[in-house]
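The file structure.cif contains mmCIF, C-alpha atoms:
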```
data_my_file
loop_
_atom_site.label_atom_id
_atom_site.label_comp_id
_atom_site.auth_asym_id
_atom_site.auth_seq_id
_atom_site.Cartn_x
_atom_site.Cartn_y
_atom_site.Cartn_z
CA MET A 1 3.93 -29.54 20.62
CA ARG A 2 2.43 -26.77 22.67
CA TYR A 3 -0.91 -25.25 21.74
CA PRO A 4 -0.28 -22.54 19.14
CA ASP A 5 -2.10 -19.26 19.51
CA VAL A 6 -1.70 -18.59 15.79
CA VAL A 7 -1.07 -20.86 12.82
CA VAL A 8 0.58 -19.09 9.88
CA VAL A 9 0.00 -20.97 6.63
CA GLY A 10 2.80 -20.14 4.20
CA SER A 11 6.51 -19.73 4.94
CA GLY A 12 7.52 -17.18 2.32
CA VAL A 13 8.78 -13.79 3.38
CA ILE A 14 5.28 -12.45 4.16
CA GLY A 15 4.33 -15.48 6.26
CA ALA A 16 7.75 -15.44 7.92
CA ALA A 17 7.47 -11.71 8.73
CA CYS A 18 3.98 -12.20 10.19
CA ALA A 19 5.14 -15.16 12.25
CA GLU A 20 8.19 -13.24 13.50
CA ALA A 21 6.15 -10.20 14.51
CA LEU A 22 3.49 -12.34 16.20
CA SER A 23 6.10 -14.30 18.15
CA ALA A 24 7.85 -11.07 19.14
CA ALA A 25 4.49 -9.87 20.49
CA GLY A 26 4.28 -12.97 22.69
CA ALA A 27 2.00 -15.19 20.62
CA GLY A 28 2.66 -18.89 20.28
CA VAL A 29 3.17 -19.49 16.57
CA THR A 30 3.19 -22.54 14.31
CA VAL A 31 4.18 -22.11 10.65
CA LEU A 32 2.86 -24.64 8.14
CA ASP A 33 3.94 -25.02 4.53
CA ARG A 34 3.00 -27.70 2.05
CA GLY A 35 6.55 -27.65 0.68
CA PRO A 36 10.03 -26.74 1.93
CA LEU A 37 10.28 -23.58 4.01
CA GLY A 38 10.58 -20.39 1.96
CA ALA A 39 10.87 -22.26 -1.33
CA GLY A 40 8.02 -20.61 -3.28
CA THR A 41 7.72 -17.06 -4.54
CA SER A 42 10.27 -15.61 -2.11
CA ALA A 43 12.97 -17.94 -3.44
CA ALA A 44 12.31 -16.68 -6.98
CA GLY A 45 12.56 -12.96 -6.23
CA GLU A 46 15.27 -10.37 -6.65
CA GLY A 47 15.06 -9.02 -3.09
CA ASN A 48 13.95 -5.51 -3.96
CA VAL A 49 13.08 -2.96 -1.29
CA LEU A 50 11.66 -0.21 -3.47
CA VAL A 51 9.81 3.06 -3.19
CA SER A 52 10.70 4.28 -6.68
CA ASP A 53 7.99 2.27 -8.45
CA LYS A 54 5.06 3.30 -6.23
CA GLY A 55 2.82 6.31 -6.65
CA PRO A 56 1.22 8.16 -3.71
CA GLY A 57 -1.27 6.03 -1.83
CA PRO A 58 -1.59 3.13 0.61
CA GLU A 59 1.03 0.87 -0.99
CA LEU A 60 3.64 3.63 -0.91
CA ASP A 61 2.75 4.32 2.74
CA LEU A 62 3.31 0.63 3.48
CA ALA A 63 6.58 0.66 1.52
CA LEU A 64 7.92 3.68 3.41
CA ALA A 65 6.93 2.13 6.76
CA SER A 66 8.67 -1.07 5.75
CA LEU A 67 11.77 0.80 4.59
CA ARG A 68 11.99 2.45 8.01
CA ARG A 69 11.49 -0.90 9.77
CA TRP A 70 13.89 -3.11 7.81
CA PRO A 71 17.24 -1.84 9.20
CA ALA A 72 16.11 -2.15 12.83
CA LEU A 73 14.53 -5.54 12.21
CA LEU A 74 17.67 -6.86 10.53
CA ASP A 75 19.71 -5.59 13.47
CA GLU A 76 17.40 -7.48 15.84
CA LEU A 77 17.74 -10.65 13.77
CA GLY A 78 21.53 -10.33 13.87
CA VAL A 79 22.05 -12.06 10.51
CA ASP A 80 23.80 -10.86 7.36
CA VAL A 81 21.17 -10.87 4.60
CA GLU A 82 23.26 -8.90 2.09
CA TRP A 83 21.45 -5.61 2.72
CA ASP A 84 22.59 -3.15 0.06
CA ALA A 85 21.32 0.43 0.14
CA LYS A 86 22.40 0.87 -3.47
CA GLY A 87 19.67 3.27 -4.55
CA GLY A 88 17.65 3.15 -7.74
CA LEU A 89 17.97 4.86 -11.08
CA VAL A 90 14.99 5.20 -13.41
CA VAL A 91 15.72 6.35 -16.95
CA ALA A 92 13.84 7.34 -20.07
CA THR A 93 14.99 7.18 -23.68
CA GLY A 94 12.12 9.16 -25.24
CA GLU A 95 10.62 12.57 -24.57
CA GLY A 96 7.16 11.18 -23.79
CA ALA A 97 8.58 8.73 -21.27
CA ALA A 98 10.70 11.52 -19.77
CA THR A 99 7.67 13.74 -19.18
CA ALA A 100 5.78 10.87 -17.54
CA LEU A 101 8.79 10.03 -15.38
CA PHE A 102 9.18 13.60 -14.10
CA GLU A 103 5.45 13.87 -13.36
CA PHE A 104 5.50 10.57 -11.47
CA ALA A 105 8.51 11.66 -9.38
CA ALA A 106 6.89 15.02 -8.60
CA GLY A 107 3.83 13.22 -7.24
CA GLN A 108 5.96 10.99 -5.01
CA ARG A 109 7.92 13.71 -3.23
CA PRO A 110 5.11 15.07 -1.01
CA ALA A 111 4.53 11.49 0.21
CA GLY A 112 8.10 11.20 1.50
CA VAL A 113 10.02 9.78 -1.46
CA ASP A 114 13.47 11.19 -2.19
CA ALA A 115 13.22 11.47 -5.99
CA ARG A 116 16.10 13.48 -7.46
CA VAL A 117 16.00 14.55 -11.09
CA ILE A 118 19.50 14.28 -12.56
CA THR A 119 20.88 15.07 -16.01
CA PRO A 120 21.77 12.34 -18.53
CA ASP A 121 25.45 13.14 -17.92
CA GLU A 122 24.97 12.64 -14.19
CA ALA A 123 23.19 9.37 -14.90
CA HIS A 124 26.20 8.20 -16.92
CA ASP A 125 28.53 9.26 -14.12
CA ARG A 126 26.55 6.94 -11.83
CA GLU A 127 26.25 4.18 -14.44
CA PRO A 128 29.09 4.44 -16.98
CA HIS A 129 27.78 1.51 -19.07
CA LEU A 130 24.31 3.00 -19.52
CA THR A 131 23.09 3.56 -23.09
CA PRO A 132 23.80 7.03 -24.52
CA ALA A 133 20.14 7.14 -25.63
CA VAL A 134 19.04 8.20 -22.12
CA VAL A 135 17.39 11.63 -22.18
CA ALA A 136 16.09 11.80 -18.60
CA ALA A 137 16.76 10.15 -15.24
CA VAL A 138 15.60 10.20 -11.63
CA HIS A 139 17.79 8.95 -8.79
CA TYR A 140 16.08 7.25 -5.81
CA PRO A 141 18.62 6.92 -2.96
CA GLN A 142 16.09 5.13 -0.69
CA ASP A 143 15.87 2.00 -2.86
CA ALA A 144 17.69 -1.04 -1.48
CA GLN A 145 18.12 -4.77 -1.97
CA LEU A 146 18.56 -7.83 0.24
CA GLN A 147 18.87 -11.57 -0.31
CA PRO A 148 15.30 -12.93 -0.05
CA VAL A 149 16.10 -16.52 0.93
CA LEU A 150 18.48 -15.39 3.67
CA VAL A 151 16.01 -12.93 5.18
CA THR A 152 13.14 -15.45 5.08
CA LYS A 153 15.28 -18.02 6.88
CA ALA A 154 16.37 -15.42 9.44
CA LEU A 155 12.76 -14.48 10.23
CA LEU A 156 11.75 -18.13 10.63
CA ALA A 157 14.80 -18.83 12.80
CA ALA A 158 13.67 -16.05 15.16
CA VAL A 159 10.27 -17.74 15.45
CA ARG A 160 11.91 -21.02 16.33
CA ARG A 161 14.16 -19.37 18.93
CA ARG A 162 11.07 -18.02 20.67
CA GLY A 163 9.55 -21.48 20.90
CA GLY A 164 7.52 -21.48 17.70
CA ALA A 165 7.13 -24.57 15.53
CA LEU A 166 8.07 -24.78 11.83
CA ARG A 167 6.39 -27.62 9.96
CA PRO A 168 7.34 -27.96 6.28
CA GLY A 169 5.62 -30.57 4.15
CA VAL A 170 2.25 -30.10 5.88
CA ARG A 171 -0.64 -29.08 3.62
CA ALA A 172 -3.52 -27.12 5.15
CA THR A 173 -6.78 -28.56 3.82
CA GLY A 174 -9.43 -26.63 5.73
CA LEU A 175 -10.55 -25.13 9.01
CA ARG A 176 -12.40 -26.56 11.96
CA ARG A 177 -14.78 -24.07 13.53
CA SER A 178 -16.82 -23.89 16.68
CA GLY A 179 -19.40 -21.20 17.36
CA GLY A 180 -18.49 -19.47 14.11
CA ARG A 181 -14.80 -19.09 14.83
CA VAL A 182 -11.59 -20.97 14.03
CA VAL A 183 -10.44 -23.57 16.54
CA ALA A 184 -8.05 -25.60 14.36
CA VAL A 185 -6.45 -25.90 10.95
CA ARG A 186 -7.14 -29.21 9.25
CA THR A 187 -4.18 -30.93 7.61
CA ALA A 188 -3.46 -34.34 6.15
CA ASP A 189 -1.44 -34.99 9.31
CA GLY A 190 -4.30 -34.10 11.64
CA ASP A 191 -5.82 -30.97 13.12
CA VAL A 192 -3.57 -28.20 14.47
CA PRO A 193 -5.45 -26.36 17.27
CA CYS A 194 -5.23 -22.57 17.24
CA GLY A 195 -7.04 -19.40 18.15
CA ALA A 196 -6.28 -17.74 14.82
CA VAL A 197 -4.93 -18.64 11.40
CA VAL A 198 -3.12 -16.42 8.88
CA ASN A 199 -3.42 -17.18 5.17
CA ALA A 200 -0.01 -16.06 3.85
CA CYS A 201 0.21 -18.39 0.86
CA GLY A 202 1.19 -15.83 -1.76
CA PRO A 203 -0.12 -16.71 -5.22
CA TRP A 204 -1.75 -19.83 -3.78
CA SER A 205 -3.76 -17.74 -1.28
CA GLY A 206 -6.84 -17.81 -3.47
CA GLU A 207 -7.11 -21.59 -3.55
CA VAL A 208 -6.19 -21.91 0.13
CA SER A 209 -8.82 -19.36 1.10
CA ALA A 210 -11.39 -21.36 -0.88
CA ALA A 211 -10.38 -24.51 1.02
CA PHE A 212 -10.91 -22.51 4.21
CA GLY A 213 -14.45 -21.66 3.10
CA ALA A 214 -13.74 -17.92 2.74
CA PRO A 215 -12.44 -17.35 -0.79
CA ILE A 216 -10.57 -14.21 -1.83
CA THR A 217 -9.41 -13.15 -5.29
CA VAL A 218 -5.63 -13.49 -5.43
CA LEU A 219 -4.20 -14.69 -8.74
CA PRO A 220 -0.74 -15.79 -9.89
CA ARG A 221 1.19 -13.47 -12.18
CA ARG A 222 4.23 -15.10 -13.78
CA GLY A 223 7.65 -13.44 -13.93
CA VAL A 224 11.06 -14.54 -15.24
CA VAL A 225 14.58 -13.38 -14.36
CA LEU A 226 17.85 -13.95 -16.23
CA VAL A 227 21.10 -14.36 -14.29
CA THR A 228 24.44 -13.63 -15.98
CA ALA A 229 27.82 -15.06 -15.16
CA ALA A 230 29.75 -13.11 -12.52
CA LEU A 231 31.17 -9.86 -13.89
CA PRO A 232 33.52 -7.13 -12.75
CA PRO A 233 31.54 -4.19 -11.27
CA THR A 234 29.20 -3.24 -14.10
CA VAL A 235 25.84 -2.07 -12.70
CA ARG A 236 25.94 0.01 -9.51
CA HIS A 237 22.26 0.68 -8.82
CA LYS A 238 18.95 -0.95 -9.51
CA VAL A 239 18.32 0.50 -12.96
CA TYR A 240 15.09 0.29 -14.88
CA ASP A 241 13.35 2.04 -17.70
CA ALA A 242 10.34 4.25 -17.10
CA ASP A 243 7.99 1.65 -18.65
CA TYR A 244 8.42 -0.55 -15.56
CA VAL A 245 6.05 1.51 -13.43
CA GLY A 246 3.28 1.10 -15.97
CA ALA A 247 3.86 -2.66 -16.19
CA VAL A 248 3.62 -3.00 -12.40
CA ALA A 249 0.33 -1.10 -12.27
CA SER A 250 -1.25 -2.81 -15.28
CA GLY A 251 -3.86 -5.52 -14.92
CA ASP A 252 -3.38 -6.73 -18.50
CA ALA A 253 -3.09 -10.51 -18.80
CA ASP A 254 -0.83 -10.30 -21.88
CA LEU A 255 2.95 -10.43 -21.67
CA GLN A 256 4.56 -7.18 -20.56
CA ILE A 257 8.30 -6.59 -20.64
CA SER A 258 10.34 -3.77 -19.14
CA ALA A 259 14.07 -3.50 -18.58
CA VAL A 260 15.24 -3.97 -14.98
CA VAL A 261 18.95 -4.54 -14.37
CA GLU A 262 20.95 -4.84 -11.15
CA SER A 263 24.02 -6.58 -9.75
CA THR A 264 24.22 -8.91 -6.77
CA ALA A 265 26.87 -9.21 -4.06
CA GLY A 266 28.31 -12.20 -5.94
CA GLY A 267 28.88 -10.20 -9.13
CA THR A 268 26.08 -11.70 -11.21
CA VAL A 269 23.63 -9.39 -12.94
CA LEU A 270 19.89 -9.99 -12.53
CA ILE A 271 17.87 -9.05 -15.60
CA GLY A 272 14.10 -8.69 -15.70
CA SER A 273 11.32 -8.17 -15.89
CA SER A 274 8.30 -9.90 -17.32
CA ARG A 275 4.68 -10.01 -16.20
CA GLN A 276 2.15 -12.43 -17.60
CA ARG A 277 -1.02 -14.06 -16.32
CA VAL A 278 -0.75 -17.70 -17.39
CA GLY A 279 -2.14 -19.42 -14.30
CA PHE A 280 0.40 -21.72 -12.67
CA ASP A 281 2.14 -22.66 -15.93
CA ASP A 282 5.80 -22.68 -14.88
CA SER A 283 7.35 -23.39 -18.27
CA ILE A 284 10.25 -21.17 -19.33
CA ARG A 285 9.39 -19.65 -22.71
CA VAL A 286 12.23 -18.74 -25.02
CA GLU A 287 10.37 -15.80 -26.55
CA VAL A 288 10.02 -14.25 -23.09
CA LEU A 289 13.73 -14.67 -22.37
CA ARG A 290 14.60 -13.09 -25.71
CA ALA A 291 12.32 -10.12 -25.08
CA ILE A 292 13.82 -9.53 -21.63
CA ALA A 293 17.36 -9.79 -22.99
CA ARG A 294 16.65 -7.35 -25.84
CA ARG A 295 15.30 -4.72 -23.47
CA ALA A 296 18.25 -5.14 -21.10
CA VAL A 297 20.82 -4.80 -23.89
CA ALA A 298 19.07 -1.66 -25.11
CA LEU A 299 19.59 -0.21 -21.62
CA PHE A 300 23.10 -1.61 -21.09
CA PRO A 301 24.75 -2.42 -24.45
CA VAL A 302 27.76 -3.87 -22.60
CA LEU A 303 25.60 -6.90 -21.72
CA ALA A 304 25.23 -7.98 -25.36
CA ASN A 305 28.03 -10.56 -25.21
CA VAL A 306 27.74 -11.55 -21.55
CA PRO A 307 26.78 -15.21 -21.01
CA VAL A 308 23.51 -15.96 -19.24
CA MET A 309 24.14 -18.57 -16.57
CA ARG A 310 20.53 -19.47 -15.84
CA ALA A 311 16.93 -18.29 -15.87
CA TYR A 312 14.29 -18.78 -13.24
CA GLY A 313 10.66 -17.88 -12.82
CA GLY A 314 8.11 -17.44 -10.11
CA PHE A 315 4.53 -16.40 -9.44
CA ARG A 316 3.59 -13.07 -7.91
CA PRO A 317 0.40 -12.91 -5.82
CA TYR A 318 -1.78 -10.48 -7.71
CA ALA A 319 -4.89 -8.74 -6.33
CA PRO A 320 -7.21 -7.03 -8.85
CA ASP A 321 -6.67 -3.54 -7.40
CA HIS A 322 -2.89 -4.00 -6.95
CA LEU A 323 -3.04 -3.58 -3.17
CA PRO A 324 -2.02 -6.16 -0.57
CA VAL A 325 -4.73 -7.91 1.42
CA ILE A 326 -3.98 -7.54 5.15
CA GLY A 327 -6.57 -8.07 7.83
CA ALA A 328 -9.39 -10.10 9.31
CA ASP A 329 -11.83 -12.06 7.19
CA PRO A 330 -15.35 -10.82 8.07
CA ARG A 331 -16.88 -14.21 7.26
CA CYS A 332 -14.91 -16.26 9.75
CA ALA A 333 -13.74 -15.08 13.17
CA GLY A 334 -10.10 -15.91 13.71
CA LEU A 335 -9.18 -16.07 10.00
CA TRP A 336 -6.70 -13.46 8.78
CA HIS A 337 -5.09 -12.82 5.41
CA ALA A 338 -1.67 -11.38 4.52
CA THR A 339 -1.18 -11.70 0.78
CA GLY A 340 -1.51 -10.00 -2.61
CA HIS A 341 1.80 -8.11 -2.54
CA GLU A 342 2.59 -9.07 -6.14
CA GLY A 343 6.29 -8.36 -6.86
CA ALA A 344 6.80 -6.11 -3.83
CA GLY A 345 6.56 -8.71 -1.06
CA ILE A 346 10.20 -8.49 0.03
CA GLY A 347 10.09 -4.73 0.36
CA LEU A 348 6.68 -4.66 2.06
CA ALA A 349 7.22 -7.62 4.39
CA ALA A 350 8.60 -5.81 7.45
CA ALA A 351 5.64 -3.44 7.75
CA THR A 352 3.13 -6.11 6.72
CA GLY A 353 4.24 -8.45 9.50
CA ARG A 354 4.14 -5.66 12.04
CA LEU A 355 0.69 -4.47 10.92
CA LEU A 356 -0.79 -7.97 10.90
CA ALA A 357 0.57 -8.66 14.39
CA GLU A 358 -0.85 -5.36 15.67
CA LEU A 359 -4.28 -6.22 14.29
CA VAL A 360 -4.29 -9.79 15.61
CA THR A 361 -3.14 -8.79 19.11
CA GLY A 362 -5.31 -5.66 19.33
CA ALA A 363 -2.40 -3.23 19.48
CA GLY A 364 -2.73 0.19 17.87
CA PRO A 365 -1.72 -0.14 14.20
CA HIS A 366 1.26 1.92 13.08
CA LEU A 367 -0.50 2.84 9.82
CA ASP A 368 -4.08 2.87 8.59
CA PRO A 369 -5.13 -0.72 7.78
CA ALA A 370 -8.40 0.25 6.06
CA PRO A 371 -7.08 0.32 2.45
CA PHE A 372 -5.86 -3.28 2.82
CA ARG A 373 -9.05 -4.68 4.32
CA VAL A 374 -10.35 -8.02 3.07
CA ASP A 375 -13.93 -6.89 2.43
CA ARG A 376 -13.10 -4.36 -0.27
CA PRO A 377 -14.57 -4.56 -3.79
CA GLY A 378 -12.99 -7.20 -5.99
CA VAL A 379 -11.22 -9.11 -3.22
CA LEU A 380 -14.03 -11.09 -1.61
CA ALA A 381 -14.73 -13.91 -4.05
#
```

What is this structure when it is put down as structure tokens?
Amino acid sequence: MRYPDVVVVGSGVIGAACAEALSAAGAGVTVLDRGPLGAGTSAAGEGNVLVSDKGPGPELDLALASLRRWPALLDELGVDVEWDAKGGLVVATGEGAATALFEFAAGQRPAGVDARVITPDEAHDREPHLTPAVVAAVHYPQDAQLQPVLVTKALLAAVRRRGGALRPGVRATGLRRSGGRVVAVRTADGDVPCGAVVNACGPWSGEVSAAFGAPITVLPRRGVVLVTAALPPTVRHKVYDADYVGAVASGDADLQISAVVESTAGGTVLIGSSRQRVGFDDSIRVEVLRAIARRAVALFPVLANVPVMRAYGGFRPYAPDHLPVIGADPRCAGLWHATGHEGAGIGLAAATGRLLAELVTGAGPHLDPAPFRVDRPGVLA
């Protein structure tokens, strides 16, 4: 195996996007993962590419940059990943929630978000099965969806085509340094020489960074999704209630539920969402499933008698300030981090990979990297 310029640890969509962008920039890349490729958080996601749930600020800037990049990147990859520019619909069933929704949308528009206030009747025209209790709605035509496993595999395949190495089942256990900088990643299978290493281990980034001797605070945040049997066309957009934005932004460790409903290309309906900090406990809890189902049925009563085919869960990589961590570690030359995207990793991956590659190779970054720096309060552990 040829000497890799960069070792990317983690093969989820963020690691895959970083590896793809680095290889496209001419770097030799090796991707390591302790398990199967792309089988962690990315395999447990819904594939959302959203701007509707982000207020003005650095994360929204990253989301808009990623939204602009995804279509061109997918065209370059030349693979069908079930891209669906379906748009999003956010609804409120109470006057207080409606006021908050309109204020949130008004703040997004100057930042470049197409947030269109529509009447409840117009919302029902778009979603005929929506509850009649809706009193306010905002349509977000920029929201989209793709199939996360397919896009992760497509990004990794591009790395391989350019001569990169993909090594599943290889656990990174530490770093070897010389003169204060990285010269190799230590693994149970021996050292992997490199000039730089990228920690893209999602919710496991905290423990991997500690093994590397440069700990950062990234925690797992558990989420569960219900999947119905295939249905005739029932839900046309990604639809969620206005409480979802607050749940995303909250740092509360307790269980939080908000209704999120959308269809897939295969006709199944994905129903979420839950957020709970329970460490790496991966047990499926019936009370969580019931709470998710109740909220979904309140939004779409037609789902009350639809069979649920399965439920699955995953861990979102959660940073205390709700911003991704993208950049160089100031404590170790040659160590980089790309993590902390929580539930937005699919949508933010295209711009994250591009930004990380620009920083590693010394190219001019396409957006300001400062808000995502590693040495910000609360991230350095």

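With all atoms listed in the file as the atoms that count, the minimum distance from Val325 (chain A) to the choices A:Leu226, A:Val183, A:Ile14, A:Val134 is reached by A:Ile14.
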
For this session: Determine the residue set returned by the PyMOL selection byres ((chain A and resi 172-177) around 9) for the present structure, and present it as an NGL selection string.
Result: :A and (9 or 32-34 or 170-171 or 178-188 or 191 or 193 or 197 or 208-213 or 332)

For C-alpha atoms, I'd like the residues from the last selection saved as a PDB file, keeping the file's coordinate frame.
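Dumped everything to result.pdb:
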```
ATOM      1  CA  VAL A   9       0.000 -20.970   6.630  1.00  0.00           C
ATOM      2  CA  LEU A  32       2.860 -24.640   8.140  1.00  0.00           C
ATOM      3  CA  ASP A  33       3.940 -25.020   4.530  1.00  0.00           C
ATOM      4  CA  ARG A  34       3.000 -27.700   2.050  1.00  0.00           C
ATOM      5  CA  VAL A 170       2.250 -30.100   5.880  1.00  0.00           C
ATOM      6  CA  ARG A 171      -0.640 -29.080   3.620  1.00  0.00           C
ATOM      7  CA  SER A 178     -16.820 -23.890  16.680  1.00  0.00           C
ATOM      8  CA  GLY A 179     -19.400 -21.200  17.360  1.00  0.00           C
ATOM      9  CA  GLY A 180     -18.490 -19.470  14.110  1.00  0.00           C
ATOM     10  CA  ARG A 181     -14.800 -19.090  14.830  1.00  0.00           C
ATOM     11  CA  VAL A 182     -11.590 -20.970  14.030  1.00  0.00           C
ATOM     12  CA  VAL A 183     -10.440 -23.570  16.540  1.00  0.00           C
ATOM     13  CA  ALA A 184      -8.050 -25.600  14.360  1.00  0.00           C
ATOM     14  CA  VAL A 185      -6.450 -25.900  10.950  1.00  0.00           C
ATOM     15  CA  ARG A 186      -7.140 -29.210   9.250  1.00  0.00           C
ATOM     16  CA  THR A 187      -4.180 -30.930   7.610  1.00  0.00           C
ATOM     17  CA  ALA A 188      -3.460 -34.340   6.150  1.00  0.00           C
ATOM     18  CA  ASP A 191      -5.820 -30.970  13.120  1.00  0.00           C
ATOM     19  CA  PRO A 193      -5.450 -26.360  17.270  1.00  0.00           C
ATOM     20  CA  VAL A 197      -4.930 -18.640  11.400  1.00  0.00           C
ATOM     21  CA  VAL A 208      -6.190 -21.910   0.130  1.00  0.00           C
ATOM     22  CA  SER A 209      -8.820 -19.360   1.100  1.00  0.00           C
ATOM     23  CA  ALA A 210     -11.390 -21.360  -0.880  1.00  0.00           C
ATOM     24  CA  ALA A 211     -10.380 -24.510   1.020  1.00  0.00           C
ATOM     25  CA  PHE A 212     -10.910 -22.510   4.210  1.00  0.00           C
ATOM     26  CA  GLY A 213     -14.450 -21.660   3.100  1.00  0.00           C
ATOM     27  CA  CYS A 332     -14.910 -16.260   9.750  1.00  0.00           C
TER      28      CYS A 332
END
```

Could you build a table of the residues in region 47-85 of chain A lying no more than 10 Å from region 265-272 of chain A, giving for each the nearest pair of atoms and their separation in Å rounded to one decimal place, using all atoms listed in the file, ordered by chain and ascending residue number, as a tab-separated table?
```
residue	atom	partner	partner_atom	distance
A:Glu82	CA	A:Ala265	CA	7.1
A:Trp83	CA	A:Ala265	CA	9.4
A:Asp84	CA	A:Ala265	CA	8.5
```

Exercise. For His237 (chain A), which of A:Leu367, A:Glu262, A:Ile346, A:Asp282 is the closest residue, counting all atoms listed in the file?
Worked result: A:Glu262

For this session: Using the chain letters and residue numbers of this document, give as JSON, numbers by chain the residues selected by the PyMOL selection byres ((chain A and resi 291-306) around 12).
Result: {"A": [89, 90, 91, 92, 93, 124, 127, 128, 129, 130, 131, 132, 133, 134, 223, 224, 225, 226, 227, 228, 229, 230, 231, 232, 233, 234, 235, 239, 240, 241, 242, 243, 244, 255, 256, 257, 258, 259, 260, 261, 262, 268, 269, 270, 271, 272, 273, 274, 275, 285, 286, 287, 288, 289, 290, 307, 308, 309, 311]}

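You will find CA of Ala27 (chain A) at 7.0 Å from CA of Val6 (chain A).
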
Problem set entry | Test item: residues at most 10 Å from Ala43 (chain A), all atoms listed in the file, excluding those fewer than 6 positions along its chain, as an NGL selection string | :A and (12-13 or 37 or 147-150 or 152 or 312-314)

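Picture a line from CA of Ser52 (chain A) to CA of Trp336 (chain A); it runs 29.3 Å.
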
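Considering all atoms listed in the file, the residue among A:Leu335, A:Ala115, A:Ala344, A:Ala85 positioned nearest to Gly45 (chain A) is A:Ala344.
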
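Residues matched by the PyMOL selection byres ((chain A and resi 29) around 6) in this file: Pro4, Val6, Val7, Gly28, Thr30 and Gly164 of chain A.
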
Exercise. Quick one, how far is CA of Leu348 (chain A) from CA of Ala106 (chain A)?
Worked result: 22.4 Å

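Excluding Ala144 (chain A) itself and any same-chain residue fewer than 2 positions from it, the protein and nucleic acid residues within 9 Å of it, counting all atoms listed in the file, are A:Gly47, A:Asn48, A:Val49, A:Leu50, A:Leu67, A:Trp83, A:Asp84, A:Ala85, A:Lys86, A:Gly87, A:Gly88, A:Pro141, A:Gln142, A:Leu146, A:His237, A:Lys238, A:Gly347.
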
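Distance annotation: of A:Leu73, A:Ala328, A:Ala136, A:Val31, the residue with the minimal separation from Gly96 (chain A) is A:Ala136; atom set is all atoms listed in the file.
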
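In terms of minimum interatomic distance to Glu342 (chain A), A:Val218 ranks closest within A:Leu359, A:Val81, A:Val218, A:Leu62, counting only C-alpha atoms.
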
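Remark: for Asp375 (chain A), the closest of the candidate residues A:Thr361, A:Gly345, A:Ala100, A:Ala214 is A:Ala214 (distances computed over only C-alpha atoms).
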
Exercise. Hey, what's within 9 Å of Phe102 (chain A) if we count all atoms listed in the file and toss same-chain stuff fewer than 6 positions away? As a ChimeraX atom specification, please?
Worked result: /A:117,136-138

Can those selected residues be exported to a file as a CSV table (one decimal), keeping the file's coordinate frame so that it contains C-alpha atoms?
```csv
chain,number,residue,atom,x,y,z
A,117,VAL,CA,16.0,14.6,-11.1
A,136,ALA,CA,16.1,11.8,-18.6
A,137,ALA,CA,16.8,10.2,-15.2
A,138,VAL,CA,15.6,10.2,-11.6
```

Problem set entry | Residue contacts of Asp368 (chain A) (12 Å, all atoms listed in the file) excluding same-chain residues fewer than 3 positions away, as a VMD selection string | chain A and resid 57 to 59 61 to 62 65 326 to 327 351 to 352 355 to 356 358 to 359 364 to 365 371 to 373

Problem set entry | Point (2.1, -11.5, -13.0), cut-off 9 Å, counting all atoms listed in the file, residues as a ChimeraX atom specification | /A:219-223,248,251,253,255,274-278,314-318,342-343

N, CA and C atoms are needed for region 8-17 of chain A; please write them out as a CSV table (one decimal), keeping the file's coordinate frame.
```
chain,number,residue,atom,x,y,z
A,8,VAL,N,0.3,-19.8,11.1
A,8,VAL,CA,0.6,-19.1,9.9
A,8,VAL,C,0.8,-20.1,8.8
A,9,VAL,N,-0.1,-20.0,7.8
A,9,VAL,CA,0.0,-21.0,6.6
A,9,VAL,C,0.7,-20.3,5.5
A,10,GLY,N,1.9,-20.8,5.2
A,10,GLY,CA,2.8,-20.1,4.2
A,10,GLY,C,4.1,-19.6,4.8
A,11,SER,N,5.2,-20.1,4.3
A,11,SER,CA,6.5,-19.7,4.9
A,11,SER,C,7.4,-18.9,4.1
A,12,GLY,N,6.8,-18.2,3.1
A,12,GLY,CA,7.5,-17.2,2.3
A,12,GLY,C,7.8,-16.0,3.2
A,13,VAL,N,8.3,-14.9,2.6
A,13,VAL,CA,8.8,-13.8,3.4
A,13,VAL,C,7.6,-13.1,4.1
A,14,ILE,N,6.4,-13.1,3.5
A,14,ILE,CA,5.3,-12.4,4.2
A,14,ILE,C,4.8,-13.3,5.3
A,15,GLY,N,4.7,-14.6,5.1
A,15,GLY,CA,4.3,-15.5,6.3
A,15,GLY,C,5.4,-15.5,7.4
A,16,ALA,N,6.7,-15.5,6.9
A,16,ALA,CA,7.8,-15.4,7.9
A,16,ALA,C,7.7,-14.1,8.7
A,17,ALA,N,7.5,-13.0,8.0
A,17,ALA,CA,7.5,-11.7,8.7
A,17,ALA,C,6.3,-11.6,9.7
```
